[in-house]
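Colleague: Could you have a look at this structure, given as structure tokens, before my questions?
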Amino acid sequence: MDVNTALPSAMWLPFGARVLRARSDLGLSRAELARNVGVTDDKLREVEDAHCRPARSLVERVDTALGTEHQLVDAWAITLQAEAFPSEFGDMSELGTHAAQLWEHQPMAVPVFLRTREYSRAILEPRHPNLDHEEIEAMVDDEMAERAATTGPDGPALRVVLNESVLQRPQGGAEVLNGQRNFLADLVKAGIVSLAVIPEETPHHPGLGGAFRIMEFADRPSMVYAFAAQGGELTGDTEDVGHCRMVRDSIEESSVDLSPESELLTARWSQE
């Protein structure tokens, strides 16, 4: 009889990582937790490595053993639902940290995972005028956590293409923009990100359809996230991914790579 050896979609990677974190936080070995919930060490490894879709009954036992108060069961249900309706998936930012390669085009602002704290605040405050200072700072903290995970040693290989205007717009003022430029130059110099821009004088701009991200995984099908004013849409549909790859190739053909010494990163915006 044929055995289906296909791995679950990449959307299970954040769930597996969540189980691993919860276990590690309690100081339990995988073997100890496996004994507590009545499965083999290999089966629990499959769950943590996202090599299977665990049964709800197993997740409930793990949830109880780790004292996560139904959080793992809720995450399991969300992930299962997301495979049928991926646009509803809530862990897109964490999903990106599990990619082998992440490519992103942003026409309006520096991506979340490359922002300084000051630039992040300057983006979020005008977007959320109804929120108080503490709420904005909590969102900034979330963006900084995403930055740390995405640009850290275990993060994906990063390629970002911006509109040139992103690095010319003094969002938050001259000091904020200059600090953001410095930070980007440091990331490029360290080899953490490969950065390019589409020049403003480009006569046939291929990226006017909006911001999007392509996530390539080592052992799973690729996924695309299309950004929107509120949230966005995640898809793994082969035709949609193929179309976005074609747009990416056109964007790359129109882009110019930046070095740490590029004027767009070294020039100082003046307050005057």
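Please note that chains go A, B, ... in the order of the structure tokens, that every chain numbers its residues from 1, and that ligands are numbered from 1 in the order shown.
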Residues within 8 Å of region 206-222 of chain A, please, as a PDB file with N, CA and C atoms, in the first residue's frame. Count only C-alpha atoms; anything in the same chain fewer than 4 positions from it doesn't count.

Modeller:
ATOM      1  N   LEU A   7       5.120  16.200   3.394  1.00  0.00           N
ATOM      2  CA  LEU A   7       5.097  16.964   4.634  1.00  0.00           C
ATOM      3  C   LEU A   7       3.897  17.900   4.663  1.00  0.00           C
ATOM      4  N   PRO A   8       3.422  18.239   5.857  1.00  0.00           N
ATOM      5  CA  PRO A   8       2.375  19.262   5.946  1.00  0.00           C
ATOM      6  C   PRO A   8       2.891  20.585   5.407  1.00  0.00           C
ATOM      7  N   SER A   9       1.991  21.509   5.149  1.00  0.00           N
ATOM      8  CA  SER A   9       2.399  22.811   4.629  1.00  0.00           C
ATOM      9  C   SER A   9       3.271  23.544   5.636  1.00  0.00           C
ATOM     10  N   ALA A  10       3.936  24.587   5.155  1.00  0.00           N
ATOM     11  CA  ALA A  10       4.840  25.368   6.008  1.00  0.00           C
ATOM     12  C   ALA A  10       4.102  26.043   7.155  1.00  0.00           C
ATOM     13  N   GLY A  96       7.582  33.585   8.424  1.00  0.00           N
ATOM     14  CA  GLY A  96       8.739  34.082   7.679  1.00  0.00           C
ATOM     15  C   GLY A  96      10.066  33.715   8.304  1.00  0.00           C
ATOM     16  N   HIS A  98      10.833  30.989   9.586  1.00  0.00           N
ATOM     17  CA  HIS A  98      11.138  29.585   9.298  1.00  0.00           C
ATOM     18  C   HIS A  98      11.516  29.359   7.842  1.00  0.00           C
ATOM     19  N   ALA A  99      11.434  30.400   7.020  1.00  0.00           N
ATOM     20  CA  ALA A  99      11.785  30.262   5.606  1.00  0.00           C
ATOM     21  C   ALA A  99      13.297  30.125   5.445  1.00  0.00           C
ATOM     22  N   ALA A 100      13.694  29.458   4.372  1.00  0.00           N
ATOM     23  CA  ALA A 100      15.110  29.402   4.031  1.00  0.00           C
ATOM     24  C   ALA A 100      15.525  30.704   3.343  1.00  0.00           C
ATOM     25  N   GLN A 101      14.628  31.228   2.515  1.00  0.00           N
ATOM     26  CA  GLN A 101      14.872  32.487   1.820  1.00  0.00           C
ATOM     27  C   GLN A 101      13.603  33.331   1.864  1.00  0.00           C
ATOM     28  N   LEU A 102      13.775  34.617   2.100  1.00  0.00           N
ATOM     29  CA  LEU A 102      12.640  35.542   2.143  1.00  0.00           C
ATOM     30  C   LEU A 102      12.947  36.713   1.229  1.00  0.00           C
ATOM     31  N   TRP A 103      12.077  36.919   0.263  1.00  0.00           N
ATOM     32  CA  TRP A 103      12.204  38.040  -0.682  1.00  0.00           C
ATOM     33  C   TRP A 103      11.010  38.956  -0.474  1.00  0.00           C
ATOM     34  N   GLU A 104      11.278  40.280  -0.397  1.00  0.00           N
ATOM     35  CA  GLU A 104      10.164  41.203  -0.149  1.00  0.00           C
ATOM     36  C   GLU A 104      10.332  42.487  -0.949  1.00  0.00           C
ATOM     37  N   HIS A 105       9.217  42.940  -1.503  1.00  0.00           N
ATOM     38  CA  HIS A 105       9.167  44.250  -2.170  1.00  0.00           C
ATOM     39  C   HIS A 105       8.283  45.167  -1.365  1.00  0.00           C
ATOM     40  N   GLN A 106       8.813  46.350  -1.020  1.00  0.00           N
ATOM     41  CA  GLN A 106       8.055  47.345  -0.266  1.00  0.00           C
ATOM     42  C   GLN A 106       8.152  48.689  -0.979  1.00  0.00           C
ATOM     43  N   PRO A 107       7.034  49.214  -1.483  1.00  0.00           N
ATOM     44  CA  PRO A 107       7.075  50.490  -2.200  1.00  0.00           C
ATOM     45  C   PRO A 107       6.912  51.721  -1.320  1.00  0.00           C
ATOM     46  N   ALA A 226       0.654  38.857   0.393  1.00  0.00           N
ATOM     47  CA  ALA A 226       0.386  40.155  -0.226  1.00  0.00           C
ATOM     48  C   ALA A 226      -0.106  41.105   0.848  1.00  0.00           C
ATOM     49  N   PHE A 227       0.608  42.195   1.065  1.00  0.00           N
ATOM     50  CA  PHE A 227       0.267  43.150   2.116  1.00  0.00           C
ATOM     51  C   PHE A 227      -0.929  43.995   1.698  1.00  0.00           C
ATOM     52  N   ALA A 228      -1.705  44.409   2.703  1.00  0.00           N
ATOM     53  CA  ALA A 228      -2.840  45.309   2.484  1.00  0.00           C
ATOM     54  C   ALA A 228      -2.835  46.351   3.586  1.00  0.00           C
ATOM     55  N   GLY A 236      -0.564  29.737  -0.835  1.00  0.00           N
ATOM     56  CA  GLY A 236       0.422  28.783  -1.322  1.00  0.00           C
ATOM     57  C   GLY A 236       0.016  28.229  -2.669  1.00  0.00           C
ATOM     58  N   VAL A 241       1.694  31.793  -6.709  1.00  0.00           N
ATOM     59  CA  VAL A 241       3.123  31.902  -6.399  1.00  0.00           C
ATOM     60  C   VAL A 241       3.928  32.101  -7.679  1.00  0.00           C
ATOM     61  N   CYS A 244       3.622  35.674  -8.851  1.00  0.00           N
ATOM     62  CA  CYS A 244       4.424  36.589  -8.029  1.00  0.00           C
ATOM     63  C   CYS A 244       5.914  36.445  -8.313  1.00  0.00           C
ATOM     64  N   ARG A 245       6.341  35.262  -8.649  1.00  0.00           N
ATOM     65  CA  ARG A 245       7.749  35.076  -9.024  1.00  0.00           C
ATOM     66  C   ARG A 245       8.074  35.827 -10.309  1.00  0.00           C
ATOM     67  N   VAL A 247       6.555  38.573 -11.327  1.00  0.00           N
ATOM     68  CA  VAL A 247       6.622  39.987 -10.949  1.00  0.00           C
ATOM     69  C   VAL A 247       7.937  40.273 -10.229  1.00  0.00           C
ATOM     70  N   SER A 250      10.678  40.719 -12.721  1.00  0.00           N
ATOM     71  CA  SER A 250      10.606  42.027 -13.376  1.00  0.00           C
ATOM     72  C   SER A 250      11.107  43.132 -12.453  1.00  0.00           C
ATOM     73  N   ILE A 251      10.761  43.047 -11.177  1.00  0.00           N
ATOM     74  CA  ILE A 251      11.234  44.026 -10.200  1.00  0.00           C
ATOM     75  C   ILE A 251      12.750  43.971 -10.088  1.00  0.00           C
ATOM     76  N   SER A 254      14.601  45.733 -12.795  1.00  0.00           N
ATOM     77  CA  SER A 254      14.544  47.197 -12.725  1.00  0.00           C
ATOM     78  C   SER A 254      15.279  47.763 -11.516  1.00  0.00           C
TER      79      SER A 254
END

Colleague: So which residues touch region 69-76 of chain A within 10 Å, counting only C-alpha atoms, skipping near sequence neighbours fewer than 3 positions away, as an MDAnalysis selection string?

Modeller: chainID A and resid 12 14:16 18:19 22 53:66 79:82 90:91

Colleague: Need to verify the contact set: Ser165 (chain A), 10 Å, only C-alpha atoms, exclusion of same-chain residues closer than 3 positions in sequence. Can you return it as a list in words?

Modeller: Pro107, Met108, Ala109, Leu162, Gln168, Arg169, Pro170, Val197, Ile198, Pro199, Glu200 and Leu264 of chain A

Colleague: Apply DSSP to the backbone of this structure and, from region 108-154 of chain A, keep only the residues in helix (DSSP H, G or I); write these as number ranges by chain.

Modeller: A: 112-114, 117-127, 133-151

Colleague: Determine, for each residue of region 46-158 of chain A having at least one atom at most 7 Å from an atom of region 177-186 of chain A, the closest pair of atoms and their separation in Å to one decimal, counting only C-alpha atoms; order by chain and ascending number, as a tab-separated table.

Modeller:
residue	atom	partner	partner_atom	distance
A:Arg115	CA	A:Gln180	CA	6.8
A:Thr116	CA	A:Gln180	CA	5.9
A:Tyr119	CA	A:Gln180	CA	6.6

Colleague: Tell me which protein, DNA and RNA residues are within 12 Å of Arg147 (chain A), counting only C-alpha atoms, leaving out same-chain ones fewer than 6 positions away, and put them as a list in words.

Modeller: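 Neighbouring residues, sequence-local ones excluded: Ser93, Glu94, Gly96, Thr97, Val110, Pro111, Val112, Phe113, Leu114, Arg115, Thr116, Arg117, Ser120, Val140, Asp141, Pro153, Asp154, Gly155, Pro156, Leu158, Leu187, Ile192 and Val193 of chain A.
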
Colleague: Closest to Ala6 (chain A) among A:Ala229, A:Ala50, A:Ala267, A:Ala149, using only C-alpha atoms?

Modeller: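 Closest candidate: A:Ala50.
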